[in-house]
>>> print(open('data-v1.cif').read())   # mmCIF, C-alpha atoms and all ligand atoms
data_data
loop_
_atom_site.label_atom_id
_atom_site.label_comp_id
_atom_site.auth_asym_id
_atom_site.auth_seq_id
_atom_site.Cartn_x
_atom_site.Cartn_y
_atom_site.Cartn_z
CA MET G 475 142.50 72.35 86.12
CA LYS G 476 142.89 68.74 85.05
CA ALA G 477 139.74 67.59 86.81
CA VAL G 478 137.52 70.39 85.60
CA LEU G 479 138.53 69.98 82.03
CA LEU G 480 138.02 66.28 82.49
CA LEU G 481 134.50 67.09 83.65
CA LEU G 482 134.04 69.41 80.71
CA SER G 483 135.24 66.69 78.44
CA ILE G 484 132.57 64.48 79.94
CA PHE G 485 130.02 67.14 79.09
CA VAL G 486 131.05 66.91 75.48
CA SER G 487 128.46 65.96 72.87
CA SER G 488 126.23 66.48 69.81
CA GLU G 489 127.08 66.13 66.11
CA ALA G 490 127.11 62.94 64.10
CA SER G 491 128.98 60.50 66.30
CA VAL G 492 128.52 62.24 69.64
CA ILE G 493 125.51 61.30 71.74
CA TRP G 494 124.67 62.73 75.14
CA LYS G 495 121.81 62.48 77.59
CA ASP G 496 120.87 63.63 81.03
CA CYS G 497 120.58 60.33 82.90
CA VAL G 498 119.26 61.44 86.29
CA PRO G 499 116.82 58.65 87.32
CA SER G 500 113.10 59.42 87.17
CA THR G 501 112.93 58.27 90.80
CA THR G 502 114.98 61.32 91.83
CA ALA G 503 112.27 63.82 92.65
CA HIS G 504 114.62 66.77 93.14
CA PRO G 505 117.79 66.61 91.07
CA TYR G 506 120.60 69.00 92.02
CA VAL G 507 121.73 69.50 88.43
CA THR G 508 120.05 68.95 85.06
CA PHE G 509 121.28 69.52 81.51
CA THR G 510 119.15 70.61 78.59
CA SER G 511 121.71 71.08 75.84
CA VAL G 512 125.29 70.12 75.24
CA THR G 513 127.21 70.66 72.02
CA VAL G 514 130.71 69.76 71.02
CA SER G 515 132.72 70.10 67.89
CA PRO G 516 134.55 68.87 65.99
CA SER G 517 133.45 65.25 65.95
CA PRO G 518 135.52 63.23 66.37
CA VAL G 519 137.31 65.37 68.90
CA VAL G 520 140.94 65.74 67.85
CA ILE G 521 143.59 65.71 70.57
CA PRO G 522 145.70 67.75 70.87
CA GLY G 523 143.54 70.45 69.39
CA ASN G 524 140.81 72.96 70.03
CA VAL G 525 137.44 71.68 71.19
CA THR G 526 134.33 73.85 71.14
CA ILE G 527 131.94 73.09 73.99
CA GLY G 528 128.57 74.59 74.82
CA VAL G 529 126.49 73.65 77.88
CA GLN G 530 123.05 74.65 79.07
CA GLY G 531 121.46 73.43 82.25
CA THR G 532 120.40 74.32 85.74
CA VAL G 533 121.83 73.95 89.21
CA HIS G 534 118.64 73.46 91.26
CA HIS G 535 120.12 72.93 94.69
CA HIS G 536 123.12 74.18 96.66
CA PHE G 537 125.86 71.54 96.81
CA GLY G 538 129.47 71.19 97.81
CA THR G 539 131.32 68.60 99.88
CA ASP G 540 128.03 66.75 100.47
CA VAL G 541 128.18 65.17 97.00
CA LYS G 542 130.29 62.36 95.60
CA MET G 543 130.96 61.54 92.02
CA VAL G 544 131.02 58.12 90.39
CA VAL G 545 132.34 57.87 86.84
CA HIS G 546 131.90 54.83 84.59
CA MET G 547 134.10 54.91 81.51
CA ASP G 548 134.13 52.33 78.72
CA LYS G 549 136.07 52.10 75.51
CA TYR G 550 134.73 50.26 72.47
CA LEU G 551 137.29 47.52 71.78
CA LEU G 552 136.81 44.77 69.18
CA GLY G 553 133.06 45.32 69.16
CA VAL G 554 132.63 45.24 72.94
CA TRP G 555 132.27 48.05 75.51
CA THR G 556 135.19 47.44 77.83
CA LYS G 557 135.56 49.09 81.20
CA VAL G 558 138.42 51.56 81.48
CA PRO G 559 139.81 51.06 85.01
CA CYS G 560 140.63 53.98 87.25
CA SER G 561 144.23 55.08 86.84
CA GLN G 562 145.66 58.31 88.23
CA ASN G 563 142.13 59.65 88.67
CA VAL G 564 141.23 58.99 85.03
CA GLY G 565 138.81 56.25 83.96
CA SER G 566 136.09 54.53 85.98
CA CYS G 567 136.78 56.29 89.26
CA ASN G 568 134.93 57.13 92.45
CA TYR G 569 135.56 60.66 93.63
CA ASP G 570 134.58 60.91 97.29
CA ASN G 571 135.22 64.62 97.33
CA PRO G 572 135.10 66.16 93.85
CA CYS G 573 135.35 69.60 95.47
CA GLU G 574 138.92 68.74 96.34
CA PHE G 575 139.84 68.70 92.65
CA LEU G 576 138.14 71.97 92.02
CA SER G 577 140.00 73.54 94.92
CA ALA G 578 143.05 73.55 92.61
CA PHE G 579 141.38 76.55 91.01
CA LYS G 580 141.13 78.24 94.36
CA SER G 581 144.83 77.89 95.03
CA SER G 582 145.77 79.07 91.54
CA GLY G 583 143.16 81.80 91.90
CA THR G 584 141.74 81.42 88.41
CA CYS G 585 138.86 79.72 86.71
CA PRO G 586 139.18 79.13 82.98
CA ALA G 587 138.43 82.48 81.32
CA GLN G 588 135.75 80.78 79.17
CA LEU G 589 133.78 80.08 82.35
CA THR G 590 134.28 83.38 84.18
CA ALA G 591 133.30 85.24 81.02
CA HIS G 592 129.85 83.73 81.41
CA GLY G 593 129.57 84.06 85.16
CA LEU G 594 130.13 80.36 85.79
CA PRO G 595 131.81 79.31 89.05
CA CYS G 596 134.45 76.59 89.04
CA THR G 597 134.85 75.86 92.75
CA CYS G 598 132.58 74.53 95.46
CA PRO G 599 130.05 75.27 96.71
CA PHE G 600 127.67 75.68 93.77
CA ASN G 601 124.49 77.65 94.27
CA PRO G 602 121.21 77.41 92.38
CA SER G 603 121.75 79.09 89.03
CA ASN G 604 121.39 78.70 85.30
CA ILE G 605 124.30 77.19 83.44
CA ASN G 606 124.65 78.91 80.12
CA LEU G 607 127.96 78.36 78.42
CA PRO G 608 127.70 79.37 74.77
CA PRO G 609 129.96 77.37 72.43
CA SER G 610 133.44 78.15 73.77
CA VAL G 611 136.86 77.00 72.65
CA PHE G 612 139.01 74.96 75.00
CA GLU G 613 142.52 74.06 73.98
CA VAL G 614 143.58 70.51 74.67
CA THR G 615 147.33 70.33 74.82
CA GLN G 616 149.91 67.60 74.85
CA ILE G 617 151.20 66.52 78.27
CA SER G 618 150.77 63.39 80.34
CA GLN G 619 151.52 59.72 79.79
CA ALA G 620 148.54 58.87 81.97
CA TRP G 621 146.25 59.79 79.09
CA GLN G 622 148.05 57.70 76.52
CA TRP G 623 145.23 55.16 76.39
CA LEU G 624 142.86 57.89 75.30
CA ALA G 625 144.69 58.01 72.01
CA THR G 626 141.96 57.11 69.55
CA GLY G 627 138.61 55.39 69.69
CA LYS G 628 135.02 55.42 70.78
CA PHE G 629 134.30 56.11 74.43
CA ARG G 630 131.26 56.28 76.64
CA VAL G 631 131.25 57.99 79.97
CA GLN G 632 128.57 58.22 82.63
CA ALA G 633 129.15 60.63 85.48
CA GLU G 634 126.82 60.39 88.47
CA MET G 635 126.58 62.94 91.23
CA ILE G 636 125.51 61.25 94.45
CA HIS G 637 124.07 62.65 97.66
CA GLY G 638 123.40 60.05 100.36
CA GLN G 639 122.28 57.05 98.32
CA LYS G 640 120.57 59.14 95.66
CA VAL G 641 121.77 60.04 92.18
CA VAL G 642 121.06 63.79 92.09
CA GLY G 643 122.76 64.53 88.79
CA CYS G 644 123.81 62.34 85.87
CA PHE G 645 125.43 62.89 82.53
CA HIS G 646 126.05 60.32 79.81
CA VAL G 647 128.06 60.82 76.65
CA GLU G 648 129.38 58.72 73.80
CA MET G 649 132.08 60.22 71.65
CA ASP G 650 134.90 59.50 69.27
CA ILE G 651 138.37 60.78 69.98
CA LYS G 652 141.05 61.00 67.37
CA ARG G 653 144.66 61.75 67.94
CA SER G 654 146.42 64.27 65.81
CA GLY G 655 150.11 64.28 64.93
CA HIS G 656 152.78 63.33 67.41
CA SER G 657 153.22 60.37 69.69
CA GLY G 658 153.49 60.88 73.43
CA GLY G 659 150.89 61.53 76.05
CA PHE G 660 148.50 64.39 76.36
CA LEU G 661 146.23 65.97 78.87
CA PHE G 662 143.43 68.46 79.00
CA GLY G 663 145.09 71.62 80.20
C1 LIG Z 701 143.89 76.46 68.96
O1 LIG Z 701 143.53 77.64 68.28
C2 LIG Z 701 144.48 78.70 68.42
C3 LIG Z 701 143.90 79.94 67.79
O2 LIG Z 701 143.41 79.65 66.49
C4 LIG Z 701 145.79 78.27 67.82
O3 LIG Z 701 146.76 79.29 67.95
C5 LIG Z 701 146.28 77.01 68.52
O4 LIG Z 701 147.47 76.53 67.90
C6 LIG Z 701 145.22 75.93 68.47
N1 LIG Z 701 145.66 74.81 69.30
C7 LIG Z 701 145.85 73.58 68.84
C8 LIG Z 701 146.36 72.58 69.83
O5 LIG Z 701 145.60 73.26 67.69
#
>>> encode(input="data-v1.cif", output="structure tokens", more="lines below")
Ligand SMILES: *[C@@H]1O[C@H](CO)[C@@H](O)[C@H](O)[C@H]1NC(C)=O
Amino acid sequence: MKAVLLLLSIFVSSEASVIWKDCVPSTTAHPYVTFTSVTVSPSPVVIPGNVTIGVQGTVHHHFGTDVKMVVHMDKYLLGVWTKVPCSQNVGSCNYDNPCEFLSAFKSSGTCPAQLTAHGLPCTCPFNPSNINLPPSVFEVTQISQAWQWLATGKFRVQAEMIHGQKVVGCFHVEMDIKRSGHSGGFLFG
């Protein structure tokens, strides 16, 4: 659950201060995944709160445990993009087997209803298909200390899907996050 909503949060974009792009290199002749549209509101995203996310794209190629994921995350601090180190699987992390995270859904037996409602799978493997998630509400609740640093600010995240030495999928987003109300940690859940 945590990982998928983290991924969804990476897919976040659009509106005034949210910028996203598909960053798969032009040297990749056959990307596995491409994105054509991503929308997110409100901007800034308020946590805890409800976030509306829409995603359109295409899975071009079957993939599963053959892909790795590399995430670069920076926070804008005192006018400088500063790397957010990997901590408890959040931040600039390498995920050698992202399918492992998604397998949490398999054991709990449920994908988020927002995904299943639109025929979107949430566990590996993924088969060629269209991704069409109309703007859907995800509730971000209060939970973990590990996410304390997320509190408030401007972030940029680049997530690269890697097969062999090739980047076969890439998503880049810059967004503002604002914290509502209480102190204490929180987590996408
Ligand atoms: C999200 O929206 C629902 C329905 O409007 C509401 O009950 C819930 O309190 C909201 N969640 C947060 C964290 O604001």
>>> residues_around(input="data-v1.cif", residues="Val611 (chain G)", least_positions_apart="5", cutoff="10 Å", atoms="all atoms listed in the file", output="number ranges by chain")
G: 514-515, 523-528, 588
>>> closest_atom_pairs(input="data-v1.cif", of="chain G", to="ligand LIG 701 (chain Z)", cutoff="8 Å", atoms="all atoms listed in the file", output="Markdown table")
| residue | atom | partner | partner_atom | distance |
| --- | --- | --- | --- | --- |
| G:Ile521 | CA | Z:LIG701 | C8 | 7.4 |
| G:Pro522 | CA | Z:LIG701 | C8 | 5.0 |
| G:Gly523 | CA | Z:LIG701 | C8 | 3.6 |
| G:Asn524 | CA | Z:LIG701 | C1 | 4.8 |
| G:Val611 | CA | Z:LIG701 | C1 | 8.0 |
| G:Phe612 | CA | Z:LIG701 | C1 | 7.9 |
| G:Glu613 | CA | Z:LIG701 | N1 | 5.7 |
| G:Val614 | CA | Z:LIG701 | C8 | 6.0 |
| G:Thr615 | CA | Z:LIG701 | C8 | 5.6 |
| G:Gln616 | CA | Z:LIG701 | C8 | 7.9 |
>>> closest_residue(input="data-v1.cif", among="G:Pro505, G:Gly565, G:Pro516, G:Gly531", to="Pro608 (chain G)", atoms="only C-alpha atoms")
G:Gly531
>>> closest_residue(input="data-v1.cif", among="G:Pro518, G:Lys542, G:Cys497, G:Thr532", to="Pro572 (chain G)", atoms="all atoms listed in the file")
G:Lys542
>>> closest_residue(input="data-v1.cif", among="G:Val564, G:Leu552, G:Val544, G:Cys596", to="Phe645 (chain G)", atoms="all atoms listed in the file")
G:Val544
